[in-house]
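The structure file run38.cif is reproduced below (mmCIF, C-alpha atoms).
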data_query
#
loop_
_atom_site.label_atom_id
_atom_site.label_comp_id
_atom_site.auth_asym_id
_atom_site.auth_seq_id
_atom_site.Cartn_x
_atom_site.Cartn_y
_atom_site.Cartn_z
CA MET A 10 -6.78 -10.30 -8.26
CA MET A 11 -3.66 -12.16 -9.40
CA GLN A 12 -5.66 -15.23 -10.41
CA PRO A 13 -6.95 -13.97 -13.81
CA ALA A 14 -3.42 -12.97 -14.83
CA ALA A 15 -2.10 -16.37 -13.74
CA VAL A 16 -4.75 -18.19 -15.78
CA ALA A 17 -3.87 -16.13 -18.87
CA LEU A 18 -0.18 -16.97 -18.43
CA GLY A 19 -0.85 -20.69 -17.88
CA LEU A 20 0.29 -20.56 -14.26
CA ARG A 21 -1.26 -22.38 -11.32
CA LEU A 22 -1.47 -20.52 -8.04
CA ARG A 23 -1.55 -21.90 -4.52
CA VAL A 24 -2.16 -19.74 -1.47
CA LEU A 25 -1.13 -20.16 2.14
CA ALA A 26 -4.09 -18.45 3.78
CA GLU A 27 -4.51 -16.85 7.19
CA GLY A 28 -8.05 -18.26 7.37
CA PRO A 29 -10.40 -20.38 5.26
CA ASP A 30 -12.56 -17.41 4.24
CA VAL A 31 -9.92 -14.80 3.32
CA SER A 32 -10.28 -13.27 -0.13
CA ALA A 33 -7.59 -15.32 -1.91
CA ALA A 34 -8.82 -18.61 -0.44
CA GLN A 35 -12.26 -17.96 -1.92
CA VAL A 36 -10.91 -18.10 -5.49
CA ILE A 37 -7.75 -20.23 -5.31
CA ALA A 38 -7.41 -23.90 -4.40
CA PRO A 39 -5.62 -25.48 -2.71
CA ALA A 40 -5.49 -22.96 0.16
CA PRO A 41 -4.03 -24.53 3.31
CA VAL A 42 -4.45 -22.40 6.42
CA ALA A 43 -1.52 -21.35 8.63
CA ALA A 44 -0.14 -18.34 10.45
CA ALA A 45 2.54 -16.25 8.74
CA ASP A 46 5.02 -17.09 11.52
CA ASP A 47 4.49 -20.87 11.37
CA VAL A 48 7.88 -21.88 9.95
CA ASP A 49 6.97 -25.57 9.57
CA ALA A 50 3.86 -24.66 7.57
CA LEU A 51 5.85 -22.22 5.45
CA ARG A 52 8.43 -24.89 4.63
CA ALA A 53 5.76 -27.46 3.76
CA PHE A 54 4.05 -24.92 1.51
CA ALA A 55 7.28 -23.81 -0.20
CA ALA A 56 8.20 -27.42 -0.97
CA GLN A 57 5.18 -27.61 -3.27
CA CYS A 58 5.88 -24.36 -5.17
CA ASP A 59 8.23 -23.39 -7.98
CA ALA A 60 8.26 -19.83 -6.65
CA VAL A 61 6.82 -18.01 -3.64
CA THR A 62 5.70 -14.39 -3.42
CA PHE A 63 3.46 -12.36 -1.09
CA ASP A 64 0.39 -10.17 -0.77
CA HIS A 65 1.61 -8.62 2.50
CA GLU A 66 4.98 -8.05 4.15
CA HIS A 67 4.34 -9.65 7.55
CA VAL A 68 6.12 -12.99 7.09
CA PRO A 69 9.06 -12.96 9.55
CA PRO A 70 12.57 -13.13 8.03
CA ALA A 71 13.20 -16.58 9.58
CA GLY A 72 10.25 -17.96 7.66
CA LEU A 73 11.35 -16.32 4.43
CA ARG A 74 14.83 -17.79 4.71
CA ALA A 75 13.42 -21.23 5.54
CA MET A 76 11.35 -21.15 2.36
CA ALA A 77 14.29 -19.89 0.33
CA GLU A 78 16.14 -23.12 1.17
CA LEU A 79 13.49 -25.01 -0.80
CA THR A 80 12.38 -22.75 -3.65
CA SER A 81 12.65 -19.30 -5.23
CA VAL A 82 11.38 -16.59 -2.86
CA GLN A 83 10.71 -13.22 -4.50
CA PRO A 84 11.36 -10.65 -3.16
CA SER A 85 14.09 -11.97 -0.90
CA ALA A 86 14.14 -11.69 2.88
CA ASP A 87 16.97 -9.14 2.64
CA ALA A 88 14.91 -6.91 0.33
CA LEU A 89 11.59 -7.39 2.12
CA LEU A 90 13.09 -6.31 5.43
CA HIS A 91 13.00 -2.72 4.16
CA ALA A 92 9.22 -2.92 3.85
CA GLN A 93 8.88 -4.69 7.20
CA ASP A 94 10.96 -2.36 9.35
CA LYS A 95 10.59 1.39 8.82
CA LEU A 96 13.79 2.21 10.70
CA VAL A 97 15.81 -0.14 8.51
CA MET A 98 14.13 1.41 5.48
CA ARG A 99 14.93 4.98 6.53
CA GLU A 100 18.58 4.16 7.24
CA ARG A 101 19.06 2.36 3.92
CA LEU A 102 17.23 4.95 1.80
CA THR A 103 19.27 7.71 3.40
CA ALA A 104 22.45 5.80 2.54
CA LEU A 105 21.23 5.55 -1.07
CA GLY A 106 20.68 9.32 -1.21
CA VAL A 107 16.89 9.01 -1.52
CA PRO A 108 15.03 12.12 -0.28
CA CYS A 109 13.17 11.34 2.97
CA PRO A 110 11.66 13.28 5.87
CA ARG A 111 14.01 13.95 8.79
CA TYR A 112 13.85 11.06 11.23
CA ALA A 113 15.42 9.58 14.36
CA ALA A 114 15.27 6.38 16.37
CA VAL A 115 13.80 7.33 19.77
CA ALA A 116 13.69 5.12 22.86
CA ASP A 117 11.65 7.29 25.23
CA PRO A 118 9.70 10.59 25.49
CA ALA A 119 12.87 12.51 26.31
CA GLU A 120 14.48 11.46 23.02
CA LEU A 121 11.24 12.32 21.23
CA ARG A 122 11.36 15.81 22.74
CA ALA A 123 15.00 16.18 21.69
CA PHE A 124 14.13 15.26 18.11
CA ALA A 125 11.20 17.70 18.10
CA ALA A 126 13.54 20.46 19.32
CA GLU A 127 15.43 20.04 16.03
CA ALA A 128 12.63 19.08 13.61
CA GLY A 129 9.86 21.17 15.17
CA TRP A 130 6.45 20.24 16.52
CA PRO A 131 4.31 18.36 15.67
CA VAL A 132 6.24 15.15 15.10
CA VAL A 133 5.10 11.79 13.80
CA LEU A 134 5.74 8.72 15.95
CA LYS A 135 5.64 5.33 14.24
CA THR A 136 6.00 1.73 15.28
CA PRO A 137 8.78 0.41 13.01
CA ARG A 138 7.04 -2.90 12.37
CA GLY A 139 3.49 -4.09 11.89
CA GLY A 140 1.66 -0.88 10.99
CA TYR A 141 -0.38 -0.30 7.83
CA ASP A 142 -3.36 1.77 6.62
CA GLY A 143 -2.73 4.43 9.25
CA LYS A 144 -2.20 1.95 12.09
CA GLY A 145 0.96 2.37 14.15
CA VAL A 146 1.15 6.12 13.41
CA LEU A 147 0.69 8.87 16.02
CA VAL A 148 0.93 12.62 15.39
CA VAL A 149 2.27 14.25 18.56
CA ALA A 150 1.44 17.94 18.97
CA ASP A 151 3.47 20.59 20.76
CA PRO A 152 3.07 19.74 24.48
CA GLN A 153 2.51 23.43 25.26
CA LEU A 154 -0.55 23.35 23.00
CA ASP A 155 -1.77 19.84 23.77
CA PRO A 156 -0.07 17.90 26.59
CA THR A 157 -2.22 14.82 25.96
CA GLY A 158 -0.21 13.97 22.84
CA LEU A 159 3.02 13.42 24.71
CA ALA A 160 1.18 11.41 27.36
CA THR A 161 -0.19 9.15 24.63
CA ALA A 162 3.30 8.85 23.16
CA ALA A 163 4.61 7.74 26.57
CA THR A 164 2.03 4.95 26.54
CA TRP A 165 3.19 3.94 23.08
CA PHE A 166 6.78 3.62 24.31
CA GLU A 167 5.62 1.48 27.24
CA ASP A 168 3.46 -0.79 25.09
CA TRP A 169 6.20 -1.18 22.49
CA ALA A 170 8.79 -2.08 25.14
CA ARG A 171 6.53 -4.89 26.37
CA ARG A 172 6.54 -6.63 23.01
CA PRO A 173 8.28 -10.03 22.89
CA GLY A 174 11.95 -10.13 22.00
CA GLU A 175 13.92 -6.92 21.70
CA PRO A 176 11.56 -4.45 20.00
CA GLY A 177 14.12 -1.62 20.03
CA PRO A 178 13.30 2.09 19.57
CA LEU A 179 10.36 3.72 17.84
CA LEU A 180 10.67 5.88 14.73
CA ALA A 181 10.18 9.64 14.96
CA GLU A 182 9.76 11.70 11.78
CA GLU A 183 9.21 15.34 11.02
CA HIS A 184 5.62 16.24 10.28
CA VAL A 185 5.65 17.01 6.57
CA PRO A 186 3.21 19.73 5.39
CA PHE A 187 2.71 18.08 2.03
CA VAL A 188 0.75 19.42 -0.93
CA ARG A 189 -0.58 15.95 -1.75
CA GLU A 190 0.38 12.30 -1.69
CA LEU A 191 1.70 10.44 -4.71
CA ALA A 192 2.71 6.88 -5.48
CA ALA A 193 5.29 5.63 -7.95
CA LEU A 194 4.75 2.00 -8.93
CA VAL A 195 7.49 0.00 -10.64
CA ALA A 196 8.35 -3.63 -11.27
CA ARG A 197 11.77 -5.25 -11.43
CA SER A 198 12.81 -8.76 -12.41
CA PRO A 199 15.75 -10.79 -11.02
CA SER A 200 17.66 -10.15 -14.23
CA GLY A 201 17.31 -6.40 -13.68
CA GLN A 202 14.64 -5.46 -16.24
CA ALA A 203 12.36 -2.76 -14.87
CA ALA A 204 9.20 -0.91 -15.85
CA ALA A 205 7.32 2.04 -14.35
CA TRP A 206 3.64 2.96 -14.48
CA PRO A 207 2.59 6.64 -14.52
CA VAL A 208 2.94 8.35 -11.14
CA VAL A 209 -0.48 8.58 -9.47
CA GLU A 210 -2.14 10.81 -6.91
CA THR A 211 -3.54 9.07 -3.84
CA VAL A 212 -6.21 10.53 -1.57
CA GLN A 213 -6.38 9.28 2.01
CA ALA A 214 -9.28 9.25 4.47
CA GLY A 215 -8.49 8.36 8.07
CA GLY A 216 -5.20 6.78 7.09
CA VAL A 217 -6.84 4.58 4.44
CA CYS A 218 -6.50 5.14 0.70
CA ARG A 219 -9.81 6.37 -0.65
CA GLU A 220 -9.02 7.33 -4.23
CA VAL A 221 -6.30 7.00 -6.86
CA VAL A 222 -6.01 9.16 -9.99
CA ALA A 223 -3.74 8.03 -12.82
CA PRO A 224 -1.76 9.94 -13.86
CA ALA A 225 -1.46 12.49 -11.04
CA PRO A 226 -3.27 15.62 -12.29
CA GLY A 227 -1.09 18.66 -12.90
CA LEU A 228 2.14 16.94 -11.86
CA ASP A 229 5.16 18.65 -13.40
CA PRO A 230 6.69 16.23 -15.94
CA ASP A 231 10.17 16.71 -14.49
CA LEU A 232 8.90 15.92 -10.98
CA ALA A 233 7.03 12.89 -12.31
CA ALA A 234 10.23 11.67 -13.94
CA GLN A 235 12.11 12.26 -10.67
CA ALA A 236 9.53 10.25 -8.71
CA SER A 237 9.77 7.34 -11.17
CA ARG A 238 13.56 7.49 -11.08
CA ILE A 239 13.53 7.38 -7.28
CA ALA A 240 11.32 4.29 -7.36
CA LEU A 241 13.53 2.57 -9.92
CA ASP A 242 16.66 3.47 -7.93
CA VAL A 243 15.10 2.09 -4.74
CA ALA A 244 14.13 -1.13 -6.52
CA GLY A 245 17.65 -1.58 -7.81
CA GLY A 246 19.40 -0.42 -4.65
CA LEU A 247 17.43 -2.77 -2.41
CA GLY A 248 17.42 -5.69 -4.85
CA VAL A 249 13.62 -5.73 -5.06
CA THR A 250 11.94 -8.23 -7.37
CA GLY A 251 8.28 -7.97 -8.30
CA VAL A 252 6.15 -4.88 -7.86
CA LEU A 253 7.38 -2.04 -5.64
CA ALA A 254 5.12 0.82 -4.57
CA VAL A 255 6.90 3.94 -3.33
CA GLU A 256 4.54 6.24 -1.43
CA LEU A 257 5.60 9.87 -1.71
CA PHE A 258 4.84 13.31 -0.33
CA GLU A 259 4.78 16.17 -2.82
CA VAL A 260 6.05 19.20 -0.92
CA GLU A 261 6.77 22.84 -1.69
CA ARG A 262 10.05 24.26 -0.41
CA ASP A 263 11.47 27.65 -1.32
CA GLY A 264 8.97 27.95 -4.15
CA ARG A 265 9.90 24.60 -5.67
CA ARG A 266 8.00 21.32 -5.72
CA GLU A 267 9.88 18.26 -4.45
CA VAL A 268 9.07 14.69 -3.44
CA LEU A 269 9.95 12.82 -0.25
CA VAL A 270 9.62 9.07 0.24
CA ASN A 271 7.07 8.14 2.89
CA GLU A 272 6.82 4.33 2.83
CA LEU A 273 7.48 1.26 0.68
CA ALA A 274 5.40 -1.78 -0.23
CA MET A 275 7.00 -4.74 -2.02
CA ARG A 276 3.91 -6.33 -3.54
CA PRO A 277 0.93 -5.35 -5.68
CA HIS A 278 -0.43 -2.29 -3.92
CA ASN A 279 -3.73 -0.46 -3.58
CA SER A 280 -2.27 2.48 -5.48
CA GLY A 281 -1.88 0.19 -8.51
CA HIS A 282 -5.34 -1.40 -8.63
CA TRP A 283 -6.27 1.11 -11.34
CA SER A 284 -3.92 -0.76 -13.68
CA ILE A 285 -6.22 -3.81 -13.93
CA GLU A 286 -8.34 -1.98 -16.49
CA GLY A 287 -6.34 1.20 -16.93
CA ALA A 288 -2.95 -0.09 -18.14
CA VAL A 289 -1.77 -2.39 -20.90
CA THR A 290 -0.21 -4.64 -18.23
CA SER A 291 -1.77 -4.75 -14.79
CA GLN A 292 0.37 -4.75 -11.67
CA PHE A 293 -0.78 -8.32 -10.95
CA GLU A 294 0.33 -9.70 -14.31
CA GLN A 295 3.54 -7.69 -14.08
CA HIS A 296 4.26 -9.03 -10.59
CA LEU A 297 3.97 -12.60 -11.86
CA ARG A 298 6.17 -11.83 -14.84
CA ALA A 299 8.76 -10.18 -12.62
CA VAL A 300 9.06 -12.84 -9.91
CA LEU A 301 9.35 -15.54 -12.60
CA ASP A 302 11.91 -13.46 -14.55
CA LEU A 303 9.69 -13.32 -17.64
CA PRO A 304 9.92 -10.32 -20.01
CA LEU A 305 7.94 -7.43 -18.51
CA GLY A 306 4.85 -6.02 -20.18
CA SER A 307 4.06 -2.45 -21.17
CA PRO A 308 2.89 -0.27 -18.25
CA ALA A 309 1.38 2.33 -20.62
CA PRO A 310 -2.09 3.66 -19.74
CA ARG A 311 -5.06 2.74 -21.93
CA ALA A 312 -6.80 6.11 -21.57
CA PRO A 313 -5.86 9.68 -20.66
CA TRP A 314 -7.41 9.28 -17.17
CA THR A 315 -8.20 6.39 -14.87
CA VAL A 316 -9.75 6.81 -11.42
CA MET A 317 -10.02 4.06 -8.83
CA VAL A 318 -12.15 4.60 -5.71
CA ASN A 319 -12.10 2.16 -2.82
CA VAL A 320 -15.37 0.88 -1.39
CA LEU A 321 -14.99 1.36 2.37
CA GLY A 322 -17.21 -0.14 5.01
CA PRO A 323 -19.68 2.54 6.23
CA ARG A 324 -19.37 3.94 9.72
CA GLU A 325 -23.10 3.70 10.40
CA VAL A 326 -24.62 0.22 10.60
CA GLU A 327 -27.99 1.38 9.29
CA THR A 328 -26.46 2.51 5.98
CA ARG A 329 -24.94 -0.88 5.17
CA HIS A 330 -26.33 -3.07 2.43
CA GLU A 331 -27.08 -6.58 3.66
CA ASP A 332 -25.56 -7.94 0.46
CA LEU A 333 -22.94 -5.96 -1.46
CA TYR A 334 -23.44 -8.17 -4.48
CA ARG A 335 -26.98 -6.83 -4.81
CA SER A 336 -25.81 -3.25 -4.36
CA TYR A 337 -23.67 -3.30 -7.49
CA LEU A 338 -26.61 -4.33 -9.68
CA HIS A 339 -27.71 -0.69 -9.60
CA VAL A 340 -24.19 0.45 -10.45
CA MET A 341 -23.89 -1.93 -13.38
CA ALA A 342 -27.25 -0.82 -14.77
CA HIS A 343 -26.66 2.88 -14.09
CA ASP A 344 -23.17 3.02 -15.64
CA PRO A 345 -22.07 -0.05 -17.65
CA GLY A 346 -18.59 1.44 -18.05
CA VAL A 347 -17.80 1.12 -14.34
CA LYS A 348 -15.65 -1.85 -13.38
CA VAL A 349 -16.53 -3.28 -9.95
CA HIS A 350 -14.23 -5.46 -7.84
CA LEU A 351 -15.48 -6.87 -4.53
CA TYR A 352 -13.19 -8.79 -2.20
CA GLY A 353 -15.62 -11.09 -0.37
CA LYS A 354 -14.86 -9.46 2.98
CA GLU A 355 -17.14 -9.05 5.99
CA GLN A 356 -18.28 -5.45 6.37
CA ARG A 357 -16.54 -3.40 9.05
CA PRO A 358 -16.34 0.39 9.39
CA GLY A 359 -13.57 1.80 7.19
CA ARG A 360 -12.50 -1.61 5.86
CA LYS A 361 -11.60 -1.92 2.19
CA LEU A 362 -14.41 -4.07 0.80
CA GLY A 363 -13.61 -3.59 -2.86
CA HIS A 364 -12.96 -0.92 -5.45
CA VAL A 365 -14.39 0.55 -8.64
CA THR A 366 -12.49 1.80 -11.67
CA VAL A 367 -13.51 4.17 -14.47
CA TYR A 368 -11.37 5.43 -17.33
CA GLY A 369 -11.93 7.97 -20.09
CA ASP A 370 -10.96 11.27 -21.67
CA ASP A 371 -12.34 13.80 -19.14
CA LEU A 372 -11.00 13.68 -15.58
CA ASP A 373 -13.96 15.36 -13.88
CA THR A 374 -16.45 13.04 -15.53
CA VAL A 375 -14.39 9.92 -14.82
CA ARG A 376 -13.88 10.89 -11.18
CA ASP A 377 -17.56 11.71 -10.60
CA ARG A 378 -18.65 8.37 -12.06
CA ALA A 379 -16.19 6.40 -9.93
CA ARG A 380 -17.12 8.25 -6.75
CA HIS A 381 -20.84 7.75 -7.34
CA ALA A 382 -20.43 4.02 -7.93
CA ALA A 383 -18.27 3.47 -4.84
CA ALA A 384 -20.59 5.56 -2.66
CA PHE A 385 -23.66 3.61 -3.74
CA ILE A 386 -22.07 0.21 -3.15
CA ALA A 387 -20.89 1.35 0.30
CA GLY A 388 -24.37 2.57 1.22
CA GLU A 389 -23.36 6.23 1.44
CA ILE A 390 -26.03 7.21 -1.13
CA ASP A 391 -29.19 5.47 -2.32
CA GLU A 392 -29.66 6.81 -5.82
#

Reformat the file's structure so that it appears as structure tokens.
Amino acid sequence: MMQPAAVALGLRLRVLAEGPDVSAAQVIAPAPVAAADDVDALRAFAAQCDAVTFDHEHVPPAGLRAMAELTSVQPSADALLHAQDKLVMRERLTALGVPCPRYAAVADPAELRAFAAEAGWPVVLKTPRGGYDGKGVLVVADPQLDPTGLATAATWFEDWARRPGEPGPLLAEEHVPFVRELAALVARSPSGQAAAWPVVETVQAGGVCREVVAPAPGLDPDLAAQASRIALDVAGGLGVTGVLAVELFEVERDGRREVLVNELAMRPHNSGHWSIEGAVTSQFEQHLRAVLDLPLGSPAPRAPWTVMVNVLGPREVETRHEDLYRSYLHVMAHDPGVKVHLYGKEQRPGRKLGHVTVYGDDLDTVRDRARHAAAFIAGEIDE
């Protein structure tokens, strides 16, 4: 999705791919194949680039620093660490005064129980590194109500301790009874210029983002401004370059609405895919501008409402289309205003296979059109 923006800006992309058939390798050449922890391959790749950036945060710091010896790496290893390690993130955000859920580093079930005695049950147990889209997250109920949760948590501690190196403790967080989930997307350049898109509402299904509404409906303007300010402060405080997505919980406390930071992503993010058609400058163009220290574009929306719905792989095999590219022919004919993006991925249950975007003046109409298109492509409906 960064390729069209690169072409328009006269930039040539290369991709170091995890496999020959991954989405980026299907549209960008050359695309040498290597693992994200192959330092020799990373160095060889960086030597042929004027700048390096990422579409995920799983490149180990040693590899990032090795590339930085040869070319510009944006964001830096020091900044990216806060998106790679949730404990490091929590500690740094707390030091910056950013509102977060209560948390603790816990090394065993006893420490988890001690944290729950203060924060209350249930608690959320997370692996600090490697989790995404709901993976690496366990909600542990009150053992008096459900003793299986703590038993599962004990297994998590054991499995984590067996990881190579010194994995350290797990992360425990209070279970936040949020009103809804939001995302604040910003971009920041090395020279310090920054821009913020409207704060959006994200809807999750099974730990995976299902839907994004821009801007977040009914969000108090002061709270929206606070969420954007938090994201800009985080970008500046951590020295982030490129796009930063700050995932937030909207909560109600003592009759007031507040926001708490859930997680960070230092790259173009699913919560910003709506911007391809819905904003003057998409997150992908803005990311390129930012990492190259070019003047940033306007993040203003093109319409009052934009809704993006992810196309997720169906749970039932019999509902799958043999060819997704045929399935969108109906969508294109039924509603020419729908924008369809497919990622060239093999179908698996719950996997993000693509997304659709619709924008317009009436939220209910826009949302219904986007949901219908995504459901048809996924095989959830047949008309």

Would you write out, as number ranges by chain, every residue that the PyMOL selection byres ((chain A and resi 238) around 12) captures in this file? A: 107-108, 193-195, 203-208, 231-237, 239-246, 255, 268

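As for CA of Lys95 in chain A and CA of Glu120 in chain A, they are spaced 17.8 Å apart.
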
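Shortest separation to Pro176 in chain A among A:Lys144, A:Asp94, A:Arg197, A:Asp229 occurs at residue A:Asp94, atoms counted being only C-alpha atoms.
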
Could you pull the residues within 9 Å of Thr315 in chain A, counting all atoms listed in the file, minus those fewer than 6 positions along the same chain, as a short mmCIF file (atom, residue, chain, number, x, y, z; two decimals) with C-alpha atoms, in the coordinates of the input?
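Here's the written file around-v8.cif:
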data_model
loop_
_atom_site.label_atom_id
_atom_site.label_comp_id
_atom_site.auth_asym_id
_atom_site.auth_seq_id
_atom_site.Cartn_x
_atom_site.Cartn_y
_atom_site.Cartn_z
CA VAL A 221 -6.30 7.00 -6.86
CA VAL A 222 -6.01 9.16 -9.99
CA ALA A 223 -3.74 8.03 -12.82
CA PRO A 224 -1.76 9.94 -13.86
CA TRP A 283 -6.27 1.11 -11.34
CA SER A 284 -3.92 -0.76 -13.68
CA GLU A 286 -8.34 -1.98 -16.49
CA GLY A 287 -6.34 1.20 -16.93
CA ALA A 288 -2.95 -0.09 -18.14
CA THR A 366 -12.49 1.80 -11.67
CA VAL A 367 -13.51 4.17 -14.47
CA TYR A 368 -11.37 5.43 -17.33
CA GLY A 369 -11.93 7.97 -20.09
CA ASP A 370 -10.96 11.27 -21.67
CA LEU A 372 -11.00 13.68 -15.58
CA VAL A 375 -14.39 9.92 -14.82
CA ARG A 376 -13.88 10.89 -11.18
#

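Each of A:Gly346, A:Pro41, A:Gly174, A:Pro84 was compared to His296 in chain A using only C-alpha atoms, and A:Pro84 turns out to be the nearest.
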
Among the residues A:Glu267, A:Glu256, A:Asp151, A:Asp373, the one that comes closest to His184 in chain A [using only C-alpha atoms]: A:Asp151

Interatomic distance, CA of Ala119 in chain A to CA of Gln93 in chain A (Å, one decimal): 26.0 Å

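Interatomic distance, CA of Ala77 in chain A against CA of His278 in chain A: 23.3 Å.
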
Evaluate the PyMOL selection byres ((chain A and resi 348-353) around 9) here and jot the selected residues down as a list in words. Met10, Asp30, Val31, Ser32, Ala33, Gln35, Glu286, Val320, Leu333, Tyr334, Tyr337, Val340, Met341, Pro345, Gly346, Val347, Lys354, Glu355, Lys361, Leu362, Gly363, His364, Val365, Thr366, Val367, Ala379, Ala382 and Ala383 of chain A
